[in-house]
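Dumped run24.cif below, it's mmCIF, C-alpha atoms:
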data_model
loop_
_atom_site.group_PDB
_atom_site.id
_atom_site.type_symbol
_atom_site.label_atom_id
_atom_site.label_comp_id
_atom_site.auth_asym_id
_atom_site.auth_seq_id
_atom_site.Cartn_x
_atom_site.Cartn_y
_atom_site.Cartn_z
ATOM 1 C CA MET A 427 -23.219 4.802 8.139
ATOM 2 C CA GLN A 428 -21.074 3.479 5.351
ATOM 3 C CA ILE A 429 -20.746 6.835 3.632
ATOM 4 C CA PHE A 430 -18.989 8.337 6.633
ATOM 5 C CA ASP A 431 -16.552 5.430 7.048
ATOM 6 C CA THR A 432 -14.141 7.072 4.675
ATOM 7 C CA LEU A 433 -14.008 10.097 6.988
ATOM 8 C CA ASP A 434 -13.247 7.785 9.927
ATOM 9 C CA ILE A 435 -10.405 6.133 8.035
ATOM 10 C CA SER A 436 -8.798 9.474 7.182
ATOM 11 C CA ALA A 437 -9.309 10.609 10.769
ATOM 12 C CA THR A 438 -7.297 7.639 12.078
ATOM 13 C CA GLY A 439 -4.513 8.631 9.680
ATOM 14 C CA LEU A 440 -4.593 12.252 10.827
ATOM 15 C CA SER A 441 -4.555 11.394 14.513
ATOM 16 C CA ALA A 442 -1.781 8.811 14.044
ATOM 17 C CA GLN A 443 0.420 11.398 12.329
ATOM 18 C CA ARG A 444 -0.401 13.924 15.017
ATOM 19 C CA ARG A 445 0.629 11.480 17.738
ATOM 20 C CA LYS A 446 3.836 10.824 15.856
ATOM 21 C CA MET A 447 4.429 14.573 15.708
ATOM 22 C CA THR A 448 3.880 14.811 19.484
ATOM 23 C CA SER A 449 6.480 12.145 20.158
ATOM 24 C CA ILE A 450 8.949 13.906 17.838
ATOM 25 C CA ALA A 451 8.345 17.188 19.652
ATOM 26 C CA SER A 452 8.892 15.467 22.972
ATOM 27 C CA ASN A 453 12.133 13.903 21.728
ATOM 28 C CA ILE A 454 13.506 17.212 20.500
ATOM 29 C CA ALA A 455 12.424 19.042 23.663
ATOM 30 C CA ASN A 456 14.159 16.426 25.793
ATOM 31 C CA VAL A 457 17.356 16.279 23.813
ATOM 32 C CA ASP A 458 19.425 17.209 26.891
ATOM 33 C CA THR A 459 17.296 15.692 29.658
ATOM 34 C CA THR A 460 19.389 13.677 32.097
ATOM 35 C CA ARG A 461 16.820 13.167 34.846
ATOM 36 C CA THR A 462 13.480 11.398 34.497
ATOM 37 C CA ASP A 463 10.982 9.916 36.919
ATOM 38 C CA GLU A 464 12.144 6.388 36.081
ATOM 39 C CA GLY A 465 15.710 7.505 36.685
ATOM 40 C CA GLY A 466 18.463 7.823 34.125
ATOM 41 C CA PRO A 467 18.396 9.936 30.999
ATOM 42 C CA TYR A 468 15.295 10.456 28.838
ATOM 43 C CA LYS A 469 14.478 7.555 26.562
ATOM 44 C CA ARG A 470 13.591 8.294 22.971
ATOM 45 C CA ARG A 471 9.884 7.871 22.203
ATOM 46 C CA ARG A 472 8.888 6.311 18.952
ATOM 47 C CA MET A 473 5.486 5.840 17.345
ATOM 48 C CA VAL A 474 5.088 2.585 15.507
ATOM 49 C CA MET A 475 2.247 2.483 12.988
ATOM 50 C CA LEU A 476 0.049 -0.594 12.826
ATOM 51 C CA GLU A 477 -2.679 -1.417 10.379
ATOM 52 C CA ALA A 478 -6.005 -1.289 12.212
ATOM 53 C CA PRO A 479 -7.637 -4.731 12.402
ATOM 54 C CA LYS A 480 -10.043 -5.412 9.581
ATOM 55 C CA LEU A 481 -12.944 -6.012 11.906
ATOM 56 C CA ALA A 482 -16.287 -4.731 10.811
ATOM 57 C CA LYS A 483 -18.039 -2.284 13.078
ATOM 58 C CA PHE A 484 -20.768 -3.738 15.257
ATOM 59 C CA SER A 485 -23.479 -1.854 13.387
ATOM 60 C CA THR A 486 -22.226 -3.179 10.024
ATOM 61 C CA MET A 487 -22.093 -6.761 11.265
ATOM 62 C CA LEU A 488 -25.562 -6.498 12.767
ATOM 63 C CA GLU A 489 -26.969 -5.063 9.569
ATOM 64 C CA GLN A 490 -25.403 -7.826 7.473
ATOM 65 C CA THR A 491 -26.591 -10.609 9.748
ATOM 66 C CA ARG A 492 -30.078 -9.193 9.870
ATOM 67 C CA SER A 493 -30.401 -8.786 6.134
ATOM 68 C CA ARG A 494 -29.006 -12.209 5.294
ATOM 69 C CA MET A 495 -31.694 -14.407 3.827
ATOM 70 C CA MET A 496 -32.204 -18.016 4.837
ATOM 71 C CA ARG A 497 -32.485 -20.801 2.293
ATOM 72 C CA THR A 498 -34.918 -23.250 3.753
ATOM 73 C CA ASP A 499 -36.051 -24.737 0.483
ATOM 74 C CA GLY A 500 -34.206 -25.976 -2.602
ATOM 75 C CA GLN A 501 -36.259 -23.716 -4.824
ATOM 76 C CA HIS A 502 -35.188 -20.568 -3.053
ATOM 77 C CA MET A 503 -32.912 -18.303 -4.962
ATOM 78 C CA ILE A 504 -29.355 -17.965 -3.818
ATOM 79 C CA GLU A 505 -28.656 -14.635 -2.191
ATOM 80 C CA GLY A 506 -26.737 -12.328 -4.477
ATOM 81 C CA GLU A 507 -23.294 -10.917 -3.952
ATOM 82 C CA PRO A 508 -22.974 -8.160 -1.380
ATOM 83 C CA ARG A 509 -23.685 -4.665 -2.591
ATOM 84 C CA PRO A 510 -20.584 -2.532 -3.158
ATOM 85 C CA ASN A 511 -21.169 -0.478 -0.044
ATOM 86 C CA GLU A 512 -21.288 -3.618 2.095
ATOM 87 C CA ILE A 513 -17.856 -4.785 1.038
ATOM 88 C CA PHE A 514 -15.477 -4.302 3.859
ATOM 89 C CA THR A 515 -12.127 -2.624 3.474
ATOM 90 C CA GLY A 516 -9.592 -1.782 6.136
ATOM 91 C CA SER A 517 -10.329 0.628 8.942
ATOM 92 C CA GLY A 518 -7.289 2.838 8.990
ATOM 93 C CA VAL A 519 -4.207 2.879 11.150
ATOM 94 C CA MET A 520 -3.272 2.605 14.823
ATOM 95 C CA THR A 521 -0.168 3.642 16.690
ATOM 96 C CA GLN A 522 1.807 2.054 19.455
ATOM 97 C CA GLU A 523 4.393 3.871 21.496
ATOM 98 C CA VAL A 524 7.768 2.253 21.952
ATOM 99 C CA ARG A 525 10.280 3.680 24.390
ATOM 100 C CA GLU A 526 13.600 2.450 23.245
ATOM 101 C CA ASP A 527 16.543 1.787 25.481
ATOM 102 C CA PRO A 528 19.274 3.997 24.152
ATOM 103 C CA SER A 529 21.391 1.791 21.984
ATOM 104 C CA LYS A 530 24.389 4.060 22.232
ATOM 105 C CA PRO A 531 23.820 6.946 24.649
ATOM 106 C CA ARG A 532 25.634 10.158 23.984
ATOM 107 C CA MET A 533 28.498 10.442 26.509
ATOM 108 C CA VAL A 534 29.829 13.908 27.295
ATOM 109 C CA TYR A 535 32.755 14.513 29.593
ATOM 110 C CA ASP A 536 31.613 17.142 32.102
ATOM 111 C CA PRO A 537 32.699 16.345 35.694
ATOM 112 C CA ASN A 538 30.963 19.457 37.102
ATOM 113 C CA HIS A 539 27.527 18.375 35.873
ATOM 114 C CA PRO A 540 25.289 17.345 38.808
ATOM 115 C CA ASP A 541 24.399 14.083 37.033
ATOM 116 C CA ALA A 542 27.955 13.204 36.073
ATOM 117 C CA ARG A 543 29.089 9.647 36.763
ATOM 118 C CA GLU A 544 32.124 8.876 38.878
ATOM 119 C CA ASP A 545 34.352 8.826 35.809
ATOM 120 C CA GLY A 546 33.184 12.359 34.889
ATOM 121 C CA TYR A 547 30.942 11.410 31.973
ATOM 122 C CA VAL A 548 27.324 12.527 31.666
ATOM 123 C CA VAL A 549 24.891 10.165 29.918
ATOM 124 C CA TYR A 550 22.682 12.138 27.542
ATOM 125 C CA PRO A 551 19.632 10.710 25.746
ATOM 126 C CA ASP A 552 20.058 8.946 22.430
ATOM 127 C CA VAL A 553 18.185 11.601 20.442
ATOM 128 C CA ASN A 554 19.503 12.566 17.040
ATOM 129 C CA VAL A 555 17.982 15.917 16.101
ATOM 130 C CA VAL A 556 18.576 15.355 12.371
ATOM 131 C CA THR A 557 16.671 12.049 12.419
ATOM 132 C CA GLU A 558 13.841 13.693 14.310
ATOM 133 C CA MET A 559 13.631 16.558 11.810
ATOM 134 C CA VAL A 560 13.494 14.155 8.872
ATOM 135 C CA ASP A 561 10.763 12.146 10.595
ATOM 136 C CA MET A 562 8.927 15.371 11.276
ATOM 137 C CA ILE A 563 8.882 16.366 7.599
ATOM 138 C CA ALA A 564 7.728 12.889 6.542
ATOM 139 C CA SER A 565 5.009 12.956 9.147
ATOM 140 C CA SER A 566 3.759 16.388 8.160
ATOM 141 C CA ARG A 567 3.576 15.364 4.489
ATOM 142 C CA ALA A 568 1.597 12.266 5.436
ATOM 143 C CA TYR A 569 -0.718 14.479 7.477
ATOM 144 C CA GLU A 570 -1.287 16.701 4.451
ATOM 145 C CA ALA A 571 -2.077 13.673 2.290
ATOM 146 C CA ASN A 572 -4.681 12.494 4.779
ATOM 147 C CA ALA A 573 -6.166 15.982 4.974
ATOM 148 C CA THR A 574 -6.494 16.030 1.167
ATOM 149 C CA VAL A 575 -8.322 12.701 1.229
ATOM 150 C CA LEU A 576 -10.607 14.002 3.932
ATOM 151 C CA SER A 577 -11.561 17.082 1.959
ATOM 152 C CA ALA A 578 -12.159 14.982 -1.176
ATOM 153 C CA ALA A 579 -14.451 12.707 0.823
ATOM 154 C CA LYS A 580 -16.275 15.701 2.263
ATOM 155 C CA ASP A 581 -16.766 17.119 -1.202
ATOM 156 C CA MET A 582 -18.176 13.806 -2.436
ATOM 157 C CA ILE A 583 -20.671 13.651 0.427
ATOM 158 C CA ASN A 584 -21.699 17.243 -0.176
ATOM 159 C CA ARG A 585 -22.199 16.614 -3.856
ATOM 160 C CA SER A 586 -24.303 13.548 -3.209
ATOM 161 C CA LEU A 587 -26.657 15.804 -1.242
ATOM 162 C CA ASP A 588 -27.263 17.786 -4.430
ATOM 163 C CA ILE A 589 -28.566 14.807 -6.399
ATOM 164 C CA MET B 150 -43.054 -2.741 -8.695
ATOM 165 C CA PHE B 151 -44.245 -1.881 -12.176
ATOM 166 C CA LEU B 152 -43.753 1.862 -11.768
ATOM 167 C CA ASP B 153 -40.232 1.340 -10.509
ATOM 168 C CA ARG B 154 -39.451 -0.734 -13.541
ATOM 169 C CA VAL B 155 -40.642 1.775 -16.137
ATOM 170 C CA LEU B 156 -39.552 4.887 -14.337
ATOM 171 C CA PHE B 157 -36.157 3.934 -13.037
ATOM 172 C CA ASN B 158 -34.859 0.529 -14.077
ATOM 173 C CA LYS B 159 -35.175 1.202 -17.791
ATOM 174 C CA THR B 160 -33.177 4.411 -17.548
ATOM 175 C CA LYS B 161 -29.548 5.135 -16.890
ATOM 176 C CA ILE B 162 -30.189 5.478 -13.161
ATOM 177 C CA PRO B 163 -29.242 1.919 -12.059
ATOM 178 C CA ALA B 164 -25.914 2.153 -13.910
ATOM 179 C CA LEU B 165 -25.126 5.540 -12.378
ATOM 180 C CA ASN B 166 -26.143 4.226 -8.983
ATOM 181 C CA ALA B 167 -23.536 1.507 -9.415
ATOM 182 C CA VAL B 168 -20.953 4.132 -10.396
ATOM 183 C CA LEU B 169 -21.624 6.079 -7.198
ATOM 184 C CA ASP B 170 -21.475 2.902 -5.074
ATOM 185 C CA VAL B 171 -18.206 1.802 -6.628
ATOM 186 C CA THR B 172 -16.541 5.213 -6.335
ATOM 187 C CA GLN B 173 -17.552 5.466 -2.679
ATOM 188 C CA LEU B 174 -16.027 2.066 -2.013
ATOM 189 C CA ARG B 175 -12.885 2.969 -3.940
ATOM 190 C CA GLN B 176 -12.593 6.159 -1.899
ATOM 191 C CA ARG B 177 -12.542 4.013 1.265
ATOM 192 C CA VAL B 178 -9.870 1.738 -0.187
ATOM 193 C CA ILE B 179 -7.676 4.677 -1.211
ATOM 194 C CA SER B 180 -8.087 6.506 2.091
ATOM 195 C CA ASN B 181 -7.092 3.333 3.917
ATOM 196 C CA ASN B 182 -3.940 3.094 1.794
ATOM 197 C CA ILE B 183 -3.060 6.713 2.479
ATOM 198 C CA ALA B 184 -3.739 6.403 6.218
ATOM 199 C CA ASN B 185 -1.279 3.504 6.272
ATOM 200 C CA VAL B 186 1.413 5.294 4.278
ATOM 201 C CA SER B 187 3.957 4.913 7.082
ATOM 202 C CA THR B 188 2.885 1.524 8.416
ATOM 203 C CA ALA B 189 5.677 -1.007 8.146
ATOM 204 C CA GLY B 190 4.654 -4.174 6.339
ATOM 205 C CA TYR B 191 1.290 -2.839 5.135
ATOM 206 C CA ARG B 192 0.054 -4.245 1.813
ATOM 207 C CA LYS B 193 -1.859 -1.847 -0.351
ATOM 208 C CA GLN B 194 -5.362 -2.681 -1.509
ATOM 209 C CA ASP B 195 -7.089 -1.935 -4.752
ATOM 210 C CA LEU B 196 -10.524 -2.487 -6.197
ATOM 211 C CA ARG B 197 -11.519 -4.600 -9.199
ATOM 212 C CA PHE B 198 -14.702 -3.069 -10.541
ATOM 213 C CA GLN B 199 -14.523 -2.790 -14.354
ATOM 214 C CA GLU B 200 -16.399 -6.014 -14.979
ATOM 215 C CA TYR B 201 -19.139 -4.991 -12.574
ATOM 216 C CA LEU B 202 -19.667 -1.592 -14.208
ATOM 217 C CA ASN B 203 -19.450 -3.037 -17.719
ATOM 218 C CA SER B 204 -22.305 -5.386 -16.927
ATOM 219 C CA PHE B 205 -24.618 -2.395 -16.568
ATOM 220 C CA VAL B 206 -23.933 -0.947 -19.996
ATOM 221 C CA LYS B 207 -23.276 -4.021 -22.131
ATOM 222 C CA LYS B 208 -26.085 -6.389 -22.832
ATOM 223 C CA PRO B 209 -25.056 -10.050 -22.941
ATOM 224 C CA ASP B 210 -25.161 -11.748 -26.367
ATOM 225 C CA VAL B 211 -27.265 -14.629 -25.090
ATOM 226 C CA GLU B 212 -29.662 -14.476 -22.197
ATOM 227 C CA GLY B 213 -31.200 -17.646 -20.795
ATOM 228 C CA ALA B 214 -34.494 -17.720 -18.965
ATOM 229 C CA VAL B 215 -34.538 -19.617 -15.687
ATOM 230 C CA THR B 216 -37.742 -21.620 -15.712
ATOM 231 C CA ASP B 217 -36.619 -24.444 -13.452
ATOM 232 C CA PRO B 218 -34.724 -24.246 -10.138
ATOM 233 C CA ARG B 219 -32.091 -26.584 -11.562
ATOM 234 C CA HIS B 220 -31.259 -24.200 -14.403
ATOM 235 C CA MET B 221 -27.996 -22.383 -14.415
ATOM 236 C CA GLN B 222 -28.052 -18.666 -14.939
ATOM 237 C CA ILE B 223 -26.911 -17.572 -18.379
ATOM 238 C CA PRO B 224 -24.903 -15.404 -18.433
ATOM 239 C CA SER B 225 -23.394 -16.246 -15.069
ATOM 240 C CA PRO B 226 -24.202 -13.626 -12.430
ATOM 241 C CA VAL B 227 -21.815 -10.677 -12.369
ATOM 242 C CA ARG B 228 -19.281 -10.673 -9.632
ATOM 243 C CA ALA B 229 -19.542 -7.796 -7.225
ATOM 244 C CA PRO B 230 -16.534 -5.475 -7.137
ATOM 245 C CA GLU B 231 -13.740 -7.051 -5.210
ATOM 246 C CA VAL B 232 -10.988 -5.676 -2.989
ATOM 247 C CA TYR B 233 -7.642 -7.269 -3.712
ATOM 248 C CA GLU B 234 -3.991 -6.732 -2.868
ATOM 249 C CA PRO B 235 -1.954 -5.982 -5.985
ATOM 250 C CA GLU B 236 1.509 -7.481 -6.131
ATOM 251 C CA THR B 237 3.829 -4.533 -6.406
ATOM 252 C CA GLY B 238 7.315 -4.106 -5.095
ATOM 253 C CA LEU B 239 8.241 -2.107 -2.012
ATOM 254 C CA ASN B 240 8.395 1.640 -2.426
ATOM 255 C CA ASP B 241 11.466 3.811 -1.873
ATOM 256 C CA THR B 242 11.117 3.883 1.899
ATOM 257 C CA GLY B 243 11.119 0.079 2.075
ATOM 258 C CA LEU B 244 8.317 0.181 4.648
ATOM 259 C CA ASN B 245 5.422 -0.941 2.447
ATOM 260 C CA ASN B 246 4.164 -0.851 -1.139
ATOM 261 C CA VAL B 247 2.034 2.308 -0.965
ATOM 262 C CA ASP B 248 3.069 4.680 -3.732
ATOM 263 C CA ILE B 249 1.757 7.999 -2.421
ATOM 264 C CA ASP B 250 1.829 9.708 -5.836
ATOM 265 C CA LYS B 251 -0.220 6.946 -7.382
ATOM 266 C CA GLU B 252 -2.678 7.000 -4.502
ATOM 267 C CA MET B 253 -3.181 10.754 -4.783
ATOM 268 C CA THR B 254 -3.701 10.430 -8.548
ATOM 269 C CA ASP B 255 -6.196 7.617 -8.022
ATOM 270 C CA LEU B 256 -7.938 9.743 -5.437
ATOM 271 C CA ALA B 257 -8.290 12.677 -7.825
ATOM 272 C CA GLU B 258 -9.469 10.379 -10.613
ATOM 273 C CA ASN B 259 -11.975 8.663 -8.367
ATOM 274 C CA HIS B 260 -13.259 12.010 -7.158
ATOM 275 C CA LEU B 261 -13.881 13.104 -10.757
ATOM 276 C CA HIS B 262 -15.622 9.818 -11.547
ATOM 277 C CA PHE B 263 -17.903 10.378 -8.608
ATOM 278 C CA ASN B 264 -18.657 13.937 -9.723
ATOM 279 C CA VAL B 265 -19.496 12.749 -13.229
ATOM 280 C CA GLY B 266 -21.795 10.076 -11.818
ATOM 281 C CA ALA B 267 -23.488 12.505 -9.444
ATOM 282 C CA ARG B 268 -24.053 15.121 -12.134
ATOM 283 C CA LEU B 269 -25.440 12.611 -14.632
ATOM 284 C CA ILE B 270 -27.753 11.022 -12.110
ATOM 285 C CA SER B 271 -29.139 14.380 -11.042
ATOM 286 C CA GLY B 272 -29.621 15.192 -14.733
ATOM 287 C CA GLY B 273 -31.517 11.933 -15.053
ATOM 288 C CA PHE B 274 -33.823 12.840 -12.205
ATOM 289 C CA ASP B 275 -34.339 16.301 -13.665
ATOM 290 C CA GLY B 276 -35.393 14.707 -16.928
ATOM 291 C CA LEU B 277 -37.878 12.444 -15.168
ATOM 292 C CA ARG B 278 -39.280 15.360 -13.222
ATOM 293 C CA LYS B 279 -39.741 17.364 -16.422
ATOM 294 C CA ALA B 280 -41.479 14.436 -18.059
ATOM 295 C CA ILE B 281 -43.842 14.124 -15.104
ATOM 296 C CA THR B 282 -44.745 17.784 -14.658
ATOM 297 C CA GLY B 283 -44.595 18.697 -18.322
ATOM 298 C CA ARG B 284 -43.088 22.036 -17.455
ATOM 299 C CA THR B 285 -39.556 23.255 -17.478
ATOM 300 C CA GLY B 286 -37.921 24.975 -14.582
#
What do you get writing this file as structure tokens?
Amino acid sequence: MQIFDTLDISATGLSAQRRKMTSIASNIANVDTTRTDEGGPYKRRRMVMLEAPKLAKFSTMLEQTRSRMMRTDGQHMIEGEPRPNEIFTGSGVMTQEVREDPSKPRMVYDPNHPDAREDGYVVYPDVNVVTEMVDMIASSRAYEANATVLSAAKDMINRSLDI
Amino acid sequence: MFLDRVLFNKTKIPALNAVLDVTQLRQRVISNNIANVSTAGYRKQDLRFQEYLNSFVKKPDVEGAVTDPRHMQIPSPVRAPEVYEPETGLNDTGLNNVDIDKEMTDLAENHLHFNVGARLISGGFDGLRKAITGRTG
């Protein structure tokens, strides 16, 4: 139903920010990880946000196609403009995970480390804790904004039940 | 239907119905902007609806009757509200042009508009009900 679409849009925003938060947590937790299943140090995870494709939901498309009127005669009236609740807007946001190759891994000289290279250096992941913290704050603010929108939408739906 | 016409269409209800429709749509547009606040390259959307709402309260100066299929409609039919992408510069993050403060303000404003519409329309129905039953309360 159209009225609940706004909740869906905010939900995509909330879950995208939550996924971003998960990747930040994973980056900070793995700041010193030198061994991974793929071998080598941990690679920084990054969530890239994408605008969700502006495709209408199947139910919306079906409804529109079904209610479209045919003009089989010149005297038929032209169908009016779509009603406001049939106008399609975007459908929120999606995320994509990117695992970057460390551009400049952190090298620490520690010959006694079990993962040290022959020259005595240990390759640590390219995770900058300060960057992660800043991203975390931005992400949590964006989450709050989406939560505010969600509660406004909920309030509107509730109020329309009182009409 | 005749009853529909006297009971509802001649009252403020159609206009308020349009207000509720438009504010619901605007809520979707704003929530989409806010969901995409950290999407790189996203272009914010906005809704053009003033003309549509005005058409419900302002009667046209001249109204032409359509008695032949070849007649044009006078005044020309009102355009439905339209979603467009305003041309604004990038915001401070440089990722996109969503200004979060403006979006939150628009959200609050839109929410109030909806509340006004909902309260007035329920007042309208109350009035009709009173007129039908002839009793108050």
Please enumerate the residues selected by the PyMOL selection byres ((chain B) within 6 of (chain A)) when evaluated against the supplied file, formatted as a PDB file with C-alpha atoms, keeping the file's coordinate frame.
ATOM      1  CA  ASP B 170     -21.475   2.902  -5.074  1.00  0.00           C
ATOM      2  CA  ARG B 177     -12.542   4.013   1.265  1.00  0.00           C
ATOM      3  CA  SER B 180      -8.087   6.506   2.091  1.00  0.00           C
ATOM      4  CA  ASN B 181      -7.092   3.333   3.917  1.00  0.00           C
ATOM      5  CA  ALA B 184      -3.739   6.403   6.218  1.00  0.00           C
ATOM      6  CA  ASN B 185      -1.279   3.504   6.272  1.00  0.00           C
ATOM      7  CA  THR B 188       2.885   1.524   8.416  1.00  0.00           C
ATOM      8  CA  PRO B 218     -34.724 -24.246 -10.138  1.00  0.00           C
ATOM      9  CA  ALA B 229     -19.542  -7.796  -7.225  1.00  0.00           C
ATOM     10  CA  SER B 271     -29.139  14.380 -11.042  1.00  0.00           C
TER      11      SER B 271
END
Could you tell me which residues the PyMOL selection byres ((chain B and resi 255) around 12) grabs in this file, written as a ChimeraX atom specification?
/A:575,578 /B:172,175-180,182-183,195-196,248-254,256-262
Could you jot down the atom CA of B:Gln194 to atom CA of B:Tyr233 separation for me, Å, one decimal place?
5.6 Å
For a test of reading the model, state the distance in Å between atom CA of B:Lys193 and atom CA of B:Val247, rounded to one decimal.
5.7 Å
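Note that the spacing between atom CA of B:Thr242 and atom CA of A:Glu523 amounts to 20.7 Å.
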Applying 12 Å and only C-alpha atoms, which residues near A:Asp458 remain after dropping the ones on its own chain fewer than 3 positions away? List them as a list in words.
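Once the nearby chain positions are removed, what remains is Ser452, Asn453, Ile454, Ala455, Arg461, Thr462, Gly466, Pro467, Tyr468, Lys469, Arg470, Pro531, Arg532, Met533, Val534, Asp541, Val548, Val549, Tyr550, Pro551, Asp552, Val553, Asn554 and Val555 of chain A.
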